[in-house]
Each structure stands twice: as structure tokens, then as C-alpha cells.
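This is data_30.txt (compact mmCIF, C-alpha atoms).
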# COMPACT_ATOMS: atom_id res chain seq x y z
CA MET A 1 61.36 117.91 119.57
CA GLU A 2 63.67 118.19 122.56
CA ARG A 3 65.24 114.85 121.73
CA THR A 4 66.01 115.99 118.17
CA LYS A 5 67.45 119.24 119.48
CA SER A 6 69.69 117.43 121.97
CA LYS A 7 70.97 115.12 119.22
CA THR A 8 71.76 118.13 117.04
CA ILE A 9 73.69 119.77 119.88
CA GLU A 10 75.53 116.53 120.58
CA LYS A 11 76.56 116.16 116.92
CA ARG A 12 77.73 119.78 116.86
CA ASN A 13 79.81 119.25 120.01
CA ASN A 14 81.34 116.09 118.56
CA ARG A 15 82.30 117.97 115.39
CA LEU A 16 83.91 120.73 117.45
CA LYS A 17 85.86 118.14 119.43
CA ASP A 18 87.05 116.51 116.21
CA ILE A 19 88.14 119.86 114.77
CA LEU A 20 89.92 120.78 118.00
CA SER A 21 91.70 117.42 118.07
CA VAL A 22 92.92 117.91 114.50
CA ILE A 23 94.16 121.44 115.28
CA VAL A 24 96.02 120.24 118.39
CA PHE A 25 97.57 117.34 116.49
CA ILE A 26 98.72 119.51 113.57
CA GLY A 27 100.05 122.19 115.95
CA GLY A 28 102.04 119.65 117.93
CA PHE A 29 103.39 118.05 114.76
CA LEU A 30 104.56 121.42 113.41
CA LEU A 31 106.24 122.29 116.70
CA ILE A 32 108.16 119.00 116.74
CA TRP A 33 109.09 119.49 113.08
CA GLN A 34 110.38 123.01 113.72
CA LEU A 35 112.31 121.80 116.77
CA ILE A 36 114.04 119.07 114.76
CA PHE A 37 114.89 121.61 112.05
CA THR A 38 116.28 124.07 114.60
CA LEU A 39 118.44 121.41 116.26
CA GLU A 40 119.69 120.39 112.79
CA LEU A 41 119.33 116.68 113.48
CA TRP A 42 119.21 116.29 109.70
CA PRO A 43 120.82 118.47 107.04
CA ARG A 44 118.52 121.33 106.00
CA VAL A 45 118.61 120.05 102.43
CA SER A 46 117.07 116.78 103.62
CA LEU A 47 114.59 118.25 106.08
CA PRO A 48 113.44 121.84 105.38
CA SER A 49 111.49 123.91 107.89
CA PRO A 50 107.67 124.24 107.76
CA LEU A 51 108.10 127.82 106.52
CA MET A 52 110.26 126.67 103.61
CA VAL A 53 107.59 124.14 102.63
CA VAL A 54 104.91 126.84 102.79
CA GLU A 55 107.03 129.04 100.51
CA SER A 56 107.31 126.20 97.98
CA LEU A 57 103.55 125.70 98.17
CA ILE A 58 102.96 129.41 97.55
CA ASP A 59 105.30 129.29 94.54
CA LEU A 60 103.32 126.36 93.09
CA ILE A 61 100.08 128.25 93.56
CA SER A 62 101.35 131.58 92.21
CA ASP A 63 102.41 130.22 88.81
CA ASN A 64 99.27 127.99 88.49
CA THR A 65 101.40 124.84 88.45
CA LEU A 66 99.51 123.38 91.41
CA LEU A 67 96.08 124.20 89.98
CA VAL A 68 96.80 122.72 86.54
CA SER A 69 98.54 119.64 87.92
CA THR A 70 95.80 118.95 90.46
CA GLY A 71 93.11 119.34 87.80
CA VAL A 72 94.87 116.94 85.41
CA THR A 73 95.50 114.39 88.15
CA LEU A 74 91.88 114.47 89.37
CA TRP A 75 90.61 114.15 85.79
CA ARG A 76 92.79 111.07 85.26
CA LEU A 77 91.52 109.66 88.55
CA PHE A 78 87.88 110.26 87.57
CA VAL A 79 88.24 108.67 84.13
CA GLY A 80 90.17 105.70 85.50
CA LEU A 81 87.64 105.09 88.28
CA VAL A 82 84.68 105.28 85.89
CA ILE A 83 86.31 102.75 83.58
CA SER A 84 87.13 100.49 86.54
CA ILE A 85 83.58 100.66 87.88
CA VAL A 86 81.99 99.89 84.52
CA ILE A 87 84.33 96.98 83.72
CA GLY A 88 84.51 95.65 87.28
CA ALA A 89 80.77 95.75 87.92
CA GLY A 90 80.02 94.20 84.52
CA ILE A 91 82.43 91.28 85.02
CA GLY A 92 81.24 90.89 88.62
CA LEU A 93 77.64 90.44 87.44
CA ILE A 94 78.77 87.89 84.84
CA MET A 95 80.61 86.04 87.62
CA VAL A 96 77.37 85.88 89.62
CA LYS A 97 75.42 84.64 86.60
CA PHE A 98 77.90 81.89 85.68
CA LYS A 99 78.98 80.20 88.90
CA GLN A 100 81.95 78.21 87.60
CA PHE A 101 83.37 81.28 85.87
CA GLY A 102 82.81 83.24 89.08
CA LYS A 103 84.76 80.76 91.20
CA THR A 104 87.67 80.70 88.78
CA MET A 105 87.73 84.43 88.15
CA SER A 106 87.44 85.34 91.84
CA SER A 107 90.69 83.50 92.59
CA PHE A 108 92.48 85.29 89.76
CA ALA A 109 90.98 88.64 90.83
CA VAL A 110 92.21 88.27 94.41
CA GLY A 111 95.70 87.41 93.18
CA LEU A 112 95.82 90.31 90.72
CA GLN A 113 94.38 92.69 93.32
CA SER A 114 97.37 91.99 95.57
CA PHE A 115 99.74 92.69 92.65
CA PRO A 116 101.77 95.88 93.37
CA SER A 117 100.35 98.73 91.32
CA ILE A 118 103.79 100.09 90.47
CA ALA A 119 104.62 96.77 88.79
CA TRP A 120 102.05 97.56 86.08
CA VAL A 121 104.06 100.62 84.99
CA PRO A 122 106.74 98.83 82.88
CA PHE A 123 104.01 96.73 81.30
CA ALA A 124 101.99 99.86 80.49
CA ILE A 125 105.01 101.67 79.04
CA LEU A 126 105.83 98.82 76.65
CA LEU A 127 102.21 98.03 75.78
CA VAL A 128 100.63 101.50 75.64
CA GLY A 129 103.46 104.01 75.74
CA LEU A 130 104.55 107.11 77.68
CA ASN A 131 101.22 108.93 77.55
CA ASP A 132 97.95 109.48 79.40
CA PHE A 133 96.60 106.13 78.21
CA GLY A 134 99.52 104.39 79.88
CA ILE A 135 98.71 106.14 83.16
CA LEU A 136 95.02 105.25 82.84
CA PHE A 137 95.96 101.65 82.16
CA VAL A 138 97.87 101.46 85.46
CA VAL A 139 94.98 103.11 87.35
CA VAL A 140 92.38 100.75 85.89
CA MET A 141 94.44 97.60 86.44
CA SER A 142 95.06 98.63 90.06
CA SER A 143 91.41 99.28 90.95
CA VAL A 144 89.18 97.20 88.67
CA PHE A 145 89.65 93.96 90.60
CA SER A 146 88.45 95.55 93.83
CA VAL A 147 85.18 96.57 92.15
CA MET A 148 84.89 93.15 90.57
CA THR A 149 85.31 91.19 93.80
CA SER A 150 83.04 93.49 95.83
CA THR A 151 80.28 93.19 93.21
CA TYR A 152 80.62 89.43 93.06
CA GLY A 153 80.84 88.98 96.83
CA GLY A 154 78.15 91.52 97.65
CA ILE A 155 75.49 89.94 95.42
CA ARG A 156 76.57 86.36 96.12
CA ASN A 157 76.32 86.85 99.89
CA ILE A 158 72.77 88.23 99.86
CA PRO A 159 70.66 86.13 102.29
CA PRO A 160 68.56 83.63 100.29
CA ILE A 161 65.48 84.58 102.28
CA TYR A 162 65.48 87.96 100.54
CA MET A 163 65.33 86.24 97.17
CA ARG A 164 62.57 83.84 98.20
CA ALA A 165 60.49 86.61 99.73
CA ALA A 166 60.85 88.74 96.59
CA LYS A 167 59.89 85.82 94.33
CA ASN A 168 56.82 85.09 96.45
CA MET A 169 55.81 88.73 95.94
CA GLY A 170 56.19 88.39 92.16
CA ALA A 171 59.61 89.99 91.62
CA ARG A 172 61.39 88.70 88.54
CA GLY A 173 64.23 89.69 86.22
CA LEU A 174 65.01 93.41 86.16
CA THR A 175 62.64 94.12 89.06
CA MET A 176 64.48 91.60 91.24
CA PHE A 177 67.82 93.07 90.22
CA ARG A 178 66.81 96.70 90.75
CA TYR A 179 64.79 96.49 93.96
CA VAL A 180 66.36 93.50 95.75
CA LEU A 181 69.86 92.60 94.57
CA ILE A 182 71.35 96.07 94.19
CA PRO A 183 69.97 97.54 97.47
CA ALA A 184 71.00 94.45 99.47
CA ALA A 185 74.51 94.48 97.99
CA THR A 186 74.99 98.26 98.26
CA PRO A 187 76.96 98.27 101.57
CA SER A 188 79.47 95.83 100.11
CA LEU A 189 79.62 97.80 96.85
CA ILE A 190 80.37 101.02 98.73
CA ILE A 191 83.23 99.36 100.59
CA GLY A 192 84.59 98.03 97.30
CA LEU A 193 84.30 101.44 95.68
CA ARG A 194 86.13 103.07 98.57
CA GLN A 195 88.89 100.49 98.31
CA ALA A 196 89.08 100.93 94.53
CA TRP A 197 89.45 104.71 94.98
CA SER A 198 92.33 104.14 97.40
CA PHE A 199 94.11 101.74 95.03
CA ALA A 200 93.53 104.07 92.07
CA TRP A 201 94.88 107.11 93.95
CA HIS A 202 98.05 105.29 94.98
CA ALA A 203 98.61 103.89 91.50
CA LEU A 204 97.96 107.22 89.80
CA ILE A 205 100.61 109.15 91.71
CA GLY A 206 103.19 106.42 91.14
CA ALA A 207 102.35 106.19 87.44
CA GLU A 208 102.63 109.96 87.01
CA MET A 209 106.09 109.86 88.55
CA LEU A 210 107.37 107.16 86.19
CA ILE A 211 105.36 107.83 83.02
CA THR A 212 106.44 111.38 82.26
CA THR A 213 103.77 113.56 80.66
CA LEU A 214 105.14 116.86 82.07
CA VAL A 215 101.99 117.50 84.12
CA GLY A 216 100.37 116.08 87.25
CA LEU A 217 101.08 115.91 90.97
CA GLY A 218 103.26 112.83 90.47
CA TYR A 219 105.31 114.72 87.92
CA ILE A 220 105.93 117.53 90.44
CA LEU A 221 107.24 114.91 92.87
CA SER A 222 109.60 113.57 90.20
CA VAL A 223 110.86 117.12 89.50
CA GLY A 224 111.53 117.63 93.20
CA ARG A 225 113.43 114.35 93.28
CA GLU A 226 115.55 115.24 90.24
CA PHE A 227 116.55 118.62 91.71
CA SER A 228 116.82 117.38 95.32
CA ASN A 229 114.17 119.94 96.31
CA MET A 230 112.75 118.45 99.50
CA SER A 231 110.54 121.51 100.13
CA LEU A 232 108.79 120.94 96.82
CA ILE A 233 108.40 117.23 97.54
CA ILE A 234 106.89 117.77 100.99
CA ALA A 235 104.58 120.52 99.72
CA THR A 236 103.26 118.19 97.00
CA MET A 237 102.89 115.34 99.48
CA ILE A 238 100.77 117.59 101.70
CA VAL A 239 98.51 118.39 98.73
CA ILE A 240 98.17 114.69 97.86
CA PHE A 241 97.38 113.84 101.47
CA SER A 242 94.82 116.65 101.72
CA ILE A 243 93.00 115.54 98.56
CA GLY A 244 92.86 111.97 99.80
CA LEU A 245 91.57 113.09 103.20
CA VAL A 246 88.88 115.33 101.69
CA PHE A 247 87.61 112.58 99.37
CA ASP A 248 87.57 110.02 102.17
CA ARG A 249 85.84 112.24 104.73
CA LEU A 250 83.45 114.24 102.54
CA VAL A 251 82.55 111.67 99.88
CA PHE A 252 83.00 108.04 100.87
CA SER A 253 82.49 108.37 104.64
CA LYS A 254 79.30 110.40 104.17
CA LEU A 255 78.04 107.99 101.52
CA GLU A 256 78.79 105.00 103.74
CA GLU A 257 77.05 106.63 106.72
CA LYS A 258 73.91 107.27 104.67
CA ILE A 259 73.86 103.70 103.40
CA ARG A 260 74.37 102.27 106.90
CA TYR A 261 71.62 104.49 108.30
CA LYS A 262 69.22 103.56 105.49
CA TRP A 263 69.71 99.85 106.08
CA GLY A 264 69.56 100.08 109.85
CA LEU A 265 73.22 99.28 110.40
CA ASP A 266 73.86 102.45 112.41
CA SER A 267 71.95 103.47 115.50
CA GLN A 268 72.72 107.18 115.05

If you took the structure in this file and wrote it as C-alpha cells, what would it be?
Amino acid sequence: MERTKSKTIEKRNNRLKDILSVIVFIGGFLLIWQLIFTLELWPRVSLPSPLMVVESLIDLISDNTLLVSTGVTLWRLFVGLVISIVIGAGIGLIMVKFKQFGKTMSSFAVGLQSFPSIAWVPFAILLVGLNDFGILFVVVMSSVFSVMTSTYGGIRNIPPIYMRAAKNMGARGLTMFRYVLIPAATPSLIIGLRQAWSFAWHALIGAEMLITTLVGLGYILSVGREFSNMSLIIATMIVIFSIGLVFDRLVFSKLEEKIRYKWGLDSQ
């Protein structure tokens, strides 16, 4: 009882330290930013003050531009990720089933995974067009190979002793897949999913900037670029950064911690 209580207090103190560190870092960053603006080391058009950026952010919120654009961008991200997971996991399982195909496809997947996501944009414009499907195409092509390789590698690298032990206990077919293969490969799958999310997020913003659909966070960035509105650009960048940070800390980090704890990979 006392041990559990002490662990709870320790976790609470660690969280407070983390929050305090973030506050100190942000405060120091804003002070340096304001100092640079005051000294006019750069023209004010190129580097606005923190207050000017806040005003641009308030303007985006007041006319619902930020809410609508964020909603559309997150919806595109969700749809693109779901498609990537379904296709990537399916092909990854086929690669495990057919070894020669897996060896060949894994080499192609690694090469295509390193392909710059922005390079898919001209291909998508000519093949699909200037629409949401073109943006989704870029998102899927940028993230599907990460899911594919993590599925293939995660299942392929399962220790053979797990398979032999399961077979000795009578596990076959779907039972083997559900209760042995998937749980054993889950840590690798989570890492692949986290990586796929990162690739998809980067590709989505770039695609929205170049494939104009008049809505989305990437489109707001392109508007700021066209009108040389650095306050608008920085405000949108802060929103993009915040969304990425929230997803990483509250979704993928928590999910990874639970998986590591479940499989005895974390002592805490």
C-alpha cells in the first residue's frame, strides 16, 4: 500500500517537473524572441513579435477559419492513415506468407519509404487531380510503406520458440495468428504506426500547400506565403506543432507505454 502510494507521488512529482520545464522553456523562448524583435535584428515584416502572432491566431479563431481548417486537415489525416494501415498491414502479411515476394517487396518498400513525400505531389496532380483524392494519395503513398515494413519485420522477427511452443499447445491457423503472432509483433507494429503517422502528417501539410482546395492548415500557410504575412504563417505553424505534439504525447506515447508494460519491457 505504502509502496503504491510512493510510486503515485513520484509520478505526480515527475509530471510537475515536466510541466515546469516546458513552461520555463517556452517563457525563455518568448523572451528571446521578443528581444530579437525589439532590437530589430530582422525586418518586422520577416519576424513579427509574439503579440502580433497571437493577434493573427485570434483572428483565425474568431472567423472559424482555424476550426474548419483543422477539422478538414485532421479528417484527411484520419482517412489517409486508415487506408495506409489497411493496405500496408495486408501487403505485409502477404509478404510474410510468401517469402520470396517478401524479400523482393521489402527492398522496394525501403526505397520508396525514403522517397521525399513532396515528390509525390506532381505525380498526384497529374494522375488524380487538384482535389481531396490527390491529397489523400500523397498521404497514403508517404505512410503505407512504413506500415508495410513494420508488419513484415515485426512478424518475421518473432522468436521461433514462441511458434514451437504454441504449436505444441495445439495452436493453429487463426488461433496462432490472433494469440501469438499479433501480440508478439505488437511493439514493432506500434513503432511502425507512430512512424507512419509522422510521415502522413508531414506529407499532408505539404500536399495541402501545393494542391489547392481552399481549405486546410496547409492552405492557410500558402495564403500567408502569397501575402507575405509572416504572423499568419507562424501562427499556423504553432497550431501544426501543437497538434503533432498532442498526438505524440497523448496517443502514441501512452499506447507505446501500455504495450511495453504489458510485455514486460518497462520496469515502471

Minimum-distance residue to Met209 of chain A, chosen among A:Thr151, A:Thr73, A:Ser143, A:Gln34 (using only C-alpha atoms)
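The shortest atom-to-atom distance to Met209 of chain A comes from A:Thr73.
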
For segment 191-201 of chain A, list every protein, DNA or RNA residue within 9 Å, evaluated using only C-alpha atoms, and leave out those in the same chain fewer than 4 positions away; present the list as JSON, numbers by chain.
{"A": [77, 80, 81, 84, 85, 117, 138, 139, 140, 141, 142, 143, 144, 145, 146, 147, 148, 149, 150, 151, 186, 187, 205, 206, 244, 248, 252, 253, 256]}

What is the atom CA of Lys103 of chain A-atom CA of Arg156 of chain A distance in Å, reported with one decimal?
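So the answer is 11.1 Å.
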
Would you compute the distance between atom CA of Leu221 of chain A and atom CA of Thr236 of chain A? Give it in Å to one decimal.
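Straight-line distance from atom CA of Leu221 of chain A to atom CA of Thr236 of chain A works out to 6.6 Å.
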
What is the atom CA of Ser188 of chain A-atom CA of Ile155 of chain A distance in Å, reported with one decimal?
8.5 Å

Write out as a CSV table (one decimal) with C-alpha atoms, in the coordinates of the input each polymer residue whose atoms come within 9 Å of segment 50-62 of chain A, counting all atoms listed in the file; drop sequence neighbours fewer than 2 positions from it.
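The result, written out as part_28.csv:
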chain,number,residue,atom,x,y,z
A,30,LEU,CA,104.6,121.4,113.4
A,33,TRP,CA,109.1,119.5,113.1
A,34,GLN,CA,110.4,123.0,113.7
A,37,PHE,CA,114.9,121.6,112.0
A,48,PRO,CA,113.4,121.8,105.4
A,64,ASN,CA,99.3,128.0,88.5
A,65,THR,CA,101.4,124.8,88.4
A,66,LEU,CA,99.5,123.4,91.4
A,67,LEU,CA,96.1,124.2,90.0
A,230,MET,CA,112.8,118.4,99.5
A,231,SER,CA,110.5,121.5,100.1
A,232,LEU,CA,108.8,120.9,96.8
A,233,ILE,CA,108.4,117.2,97.5
A,234,ILE,CA,106.9,117.8,101.0
A,235,ALA,CA,104.6,120.5,99.7
A,236,THR,CA,103.3,118.2,97.0
A,239,VAL,CA,98.5,118.4,98.7

A:Leu245, A:Val82, A:Met105, A:Val72 ranked by distance to Tyr219 of chain A, top pick (using all atoms listed in the file)
A:Val72

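Nearest to His202 of chain A of all the residues A:Ala124, A:Val110, A:Ile243, A:Val223 is A:Ile243, counting only C-alpha atoms.
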
Using all atoms listed in the file, pick whichever of A:Ile190, A:Ala207, A:Leu35, A:Ile87 has the shortest atom-to-atom distance to Val251 of chain A.
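That would be A:Ile190, the residue with the smallest distance to Val251 of chain A.
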